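Note sheet for the following structure.
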Amino acid sequence: MAEGEAKEKTPYINETLPERYCECWESEDEDEPGDPDCGCGEEREIVDWRWKLPRKSPRWADLFEDGKLVVFHPLFSSGSATVRGNIVLKRNYNYYWEVKMMTHPYGTDVMVGVGTRNIPETVRDYTSCIGNSHDSYGLSYTGAICQNKEVVDDCPGFCKGTIIGVMVDMFRGTLEFYLNREPQGVTFTDLLRHKTLYPVVSSTAALSALRLTYASSWESSLMVNSARMLAASESGLKFLENMPPGLVSTMDEHFWLVMLSAGRVEPRPIRKRVRECRRF
Ligand SMILES: [Zn+2]
């Protein structure tokens, strides 16, 4: 069990409501798991890796859909559980994956992020497992972006039907979260100090489910840098619109290579912050 969990935490308050990716999730029915059979945002069917079941017992998560869907605490919740991806993020590669929140997130925390193998798979306490130490970086459904028990930045967070994107650049060592493909800012820039990093999700909520809907990578290269620079300028966008057909399908499969970044966010360690409303 992580030390210091007994310390009283200031509840995190975020005034901006999270949004769903598509209209399929507009129903007021909050029955779990509540999957309206929505495949929006999953059209490319590219998922390069899967979630991996925790090794130890008790196992507080189950996997379905060939390892893409993770359901936490299938019967009831006795604490916090974390599930890792079955890949190690390699140096000099760019990664982007998306996770769709399939159920209504509630309780202490449901988180998406990146971490080392030091994150415990189970904790008999209700805690925010990712971003709880130097070993992990996490985005909470409340909108808190955390590392080492501190809220470093915030964003609207996520709800049932939100697509959460994680962009990791293992050449520069940076991490940026996306919500419904909108960039939330490069919050972390020190990822290269870790030897091994994995994608991770965690939850304290019974019957909470997240589906890995897209996962891809690309080795850092002049092509990646050029594509990003082109995407960031108006004349460059025109160039990208007139690419040869072969390149068009490559760029569509790896659409994230030209997704805009919100840029660097200066770290501002805070325990509690009420954010200003922001329109999308
Ligand atoms: Zn949909």
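Residue numbering restarts at 1 in every chain; chains get A, B, ... in the order shown in the structure tokens, and ligands count up from 1 in that same order.
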- prompt: Given a cut-off of 6 Å, what residues near ligand 1 show up using only C-alpha atoms and all ligand atoms, put as number ranges by chain?
  reply: A: 22-24, 38-40
DSSP alpha helix (DSSP H) residues within segment 95-274 of chain A, listed as a VMD selection string: chain A and resid 222 to 231 234 to 241 245 to 253
Exercise: Asn92 of chain A partners within 10 Å, only C-alpha atoms, chain neighbours under 6 positions left out, as a list in words: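 The neighbour list is Asp169, Met170, Phe171, Arg172, Gly173, Leu192, Trp218, Glu219, Ser220 and Ser221 of chain A.
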Two-atom distance - atom CA of Val224 of chain A, atom CA of Arg264 of chain A (Å):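 Going from atom CA of Val224 of chain A over to atom CA of Arg264 of chain A, I get 18.6 Å.
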- request: Rank A:Thr103, A:Thr162, A:Ser77, A:Thr174 by their smallest atom-to-atom distance to Ser261 of chain A, using only C-alpha atoms, and report the top residue only.
  value: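 Closest candidate: A:Thr174.
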Shell around Ile119 of chain A at 8 Å using only C-alpha atoms, local window under 6 positions removed, as a compact mmCIF listing (two decimals) with C-alpha atoms, in the first residue's frame:
# COMPACT_ATOMS: atom_id res chain seq x y z
CA THR A 82 -4.22 -0.62 -12.24
CA CYS A 129 -3.06 5.25 -8.52
CA ILE A 130 -1.56 7.07 -11.52
CA ASP A 135 6.77 6.81 -11.34
CA SER A 136 3.60 7.81 -13.15
For Ser216 of chain A, the nearest of the candidates A:Ala262, A:Tyr198, A:Gly138, A:Trp97, counting only C-alpha atoms: A:Trp97
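We find atom CA of Gly165 of chain A and atom CA of Gly41 of chain A to be spaced 11.2 Å apart.
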field: Which residue of A:Val123, A:Val265, A:Cys146, A:Ile87 approaches Pro183 of chain A most closely, using only C-alpha atoms
entry: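 Closest to Pro183 of chain A, using only C-alpha atoms: A:Val265.
When only C-alpha atoms are used to measure the gap to Leu191 of chain A, the shortest distance among A:Ser80, A:Gln147, A:Ser235, A:Thr142 belongs to A:Gln147.
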field: Two-atom distance - atom CA of Val201 of chain A, atom CA of Ser78 of chain A (Å)
entry: 16.9 Å
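Within the 10 Å cut-off around segment 43-47 of chain A, using only C-alpha atoms and omitting residues fewer than 5 positions from it on the same chain, the listed residues are Lys68, Trp97, Glu98, Leu212, Thr213, Tyr214, Ala215, Ser216, Ser217, Asp252, Glu253, His254 and Phe255 of chain A.
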Within 6 Å of Lys52 of chain A using only C-alpha atoms, minus same-chain residues under 3 positions, as a PDB file with N, CA and C atoms, in the first residue's frame:
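This went into selection_4.pdb:
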ATOM      1  N   ARG A  84      -1.855  -2.478 -16.960  1.00  0.00           N
ATOM      2  CA  ARG A  84      -0.831  -1.957 -17.883  1.00  0.00           C
ATOM      3  C   ARG A  84      -1.053  -2.461 -19.284  1.00  0.00           C
ATOM      4  N   GLY A  85      -0.479  -1.753 -20.230  1.00  0.00           N
ATOM      5  CA  GLY A  85      -0.445  -2.245 -21.595  1.00  0.00           C
ATOM      6  C   GLY A  85       0.637  -3.312 -21.731  1.00  0.00           C
ATOM      7  N   ASN A  86       0.546  -4.128 -22.777  1.00  0.00           N
ATOM      8  CA  ASN A  86       1.541  -5.198 -22.942  1.00  0.00           C
ATOM      9  C   ASN A  86       2.722  -4.754 -23.815  1.00  0.00           C
TER      10      ASN A  86
END
- request: Considering only C-alpha atoms, state which residue in the set A:Val112, A:Ala61, A:Leu89, A:Leu139 is at the smallest distance from Thr196 of chain A.
  value: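 When distances to Thr196 of chain A are compared using only C-alpha atoms, the smallest one comes from A:Leu89.
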Long-range neighbours of Gly131 of chain A as a ChimeraX atom specification, 12 Å cut-off, only C-alpha atoms, 3 positions minimum in chain: /A:82,109-116,118-119,127-128,134-140,144-153,188,200-202
Convert the current residue selection to file output with C-alpha atoms, as a short mmCIF file (atom, residue, chain, number, x, y, z; two decimals), in the first residue's frame.
data_model
loop_
_atom_site.label_atom_id
_atom_site.label_comp_id
_atom_site.auth_asym_id
_atom_site.auth_seq_id
_atom_site.Cartn_x
_atom_site.Cartn_y
_atom_site.Cartn_z
CA THR A 82 -4.22 -0.62 -12.24
CA ASP A 109 -10.71 8.08 -9.33
CA VAL A 110 -10.64 6.64 -12.80
CA MET A 111 -7.38 7.51 -14.57
CA VAL A 112 -5.51 7.15 -17.83
CA GLY A 113 -1.77 7.66 -18.21
CA VAL A 114 1.74 6.33 -18.32
CA GLY A 115 3.88 4.71 -15.63
CA THR A 116 6.73 2.42 -14.71
CA ASN A 118 6.52 0.28 -9.85
CA ILE A 119 2.83 1.20 -9.89
CA THR A 127 -6.71 6.29 -4.21
CA SER A 128 -5.56 7.92 -7.45
CA HIS A 134 7.40 10.07 -9.45
CA ASP A 135 6.77 6.81 -11.34
CA SER A 136 3.60 7.81 -13.15
CA TYR A 137 1.74 10.54 -15.01
CA GLY A 138 -2.04 10.52 -15.02
CA LEU A 139 -5.20 12.22 -16.17
CA SER A 140 -8.19 11.85 -13.85
CA ALA A 144 -6.74 16.81 -12.77
CA ILE A 145 -3.44 16.04 -14.51
CA CYS A 146 -1.19 14.62 -11.83
CA GLN A 147 2.31 13.56 -10.97
CA ASN A 148 3.79 12.82 -7.57
CA LYS A 149 0.48 13.52 -5.80
CA GLU A 150 0.26 17.01 -7.23
CA VAL A 151 -2.16 18.50 -9.70
CA VAL A 152 0.22 19.88 -12.29
CA ASP A 153 -2.42 21.07 -14.74
CA PHE A 188 5.30 16.54 -18.89
CA VAL A 200 -1.72 2.40 -17.79
CA VAL A 201 -5.33 2.80 -16.68
CA SER A 202 -6.63 2.65 -13.13
#
- prompt: A:Ala206, A:Lys238, A:Met167, A:Thr189: which is nearest Tyr93 of chain A, counting only C-alpha atoms?
  reply: A:Met167
Sel. of strand (DSSP E) residues, segment 48-203 of chain A, as a PyMOL selection string: chain A and resi 51-52+61-64+69-72+80-85+93-101+110-115+122-123+136-140+144-147+150-154+163-169+174-179+182-188+198-203
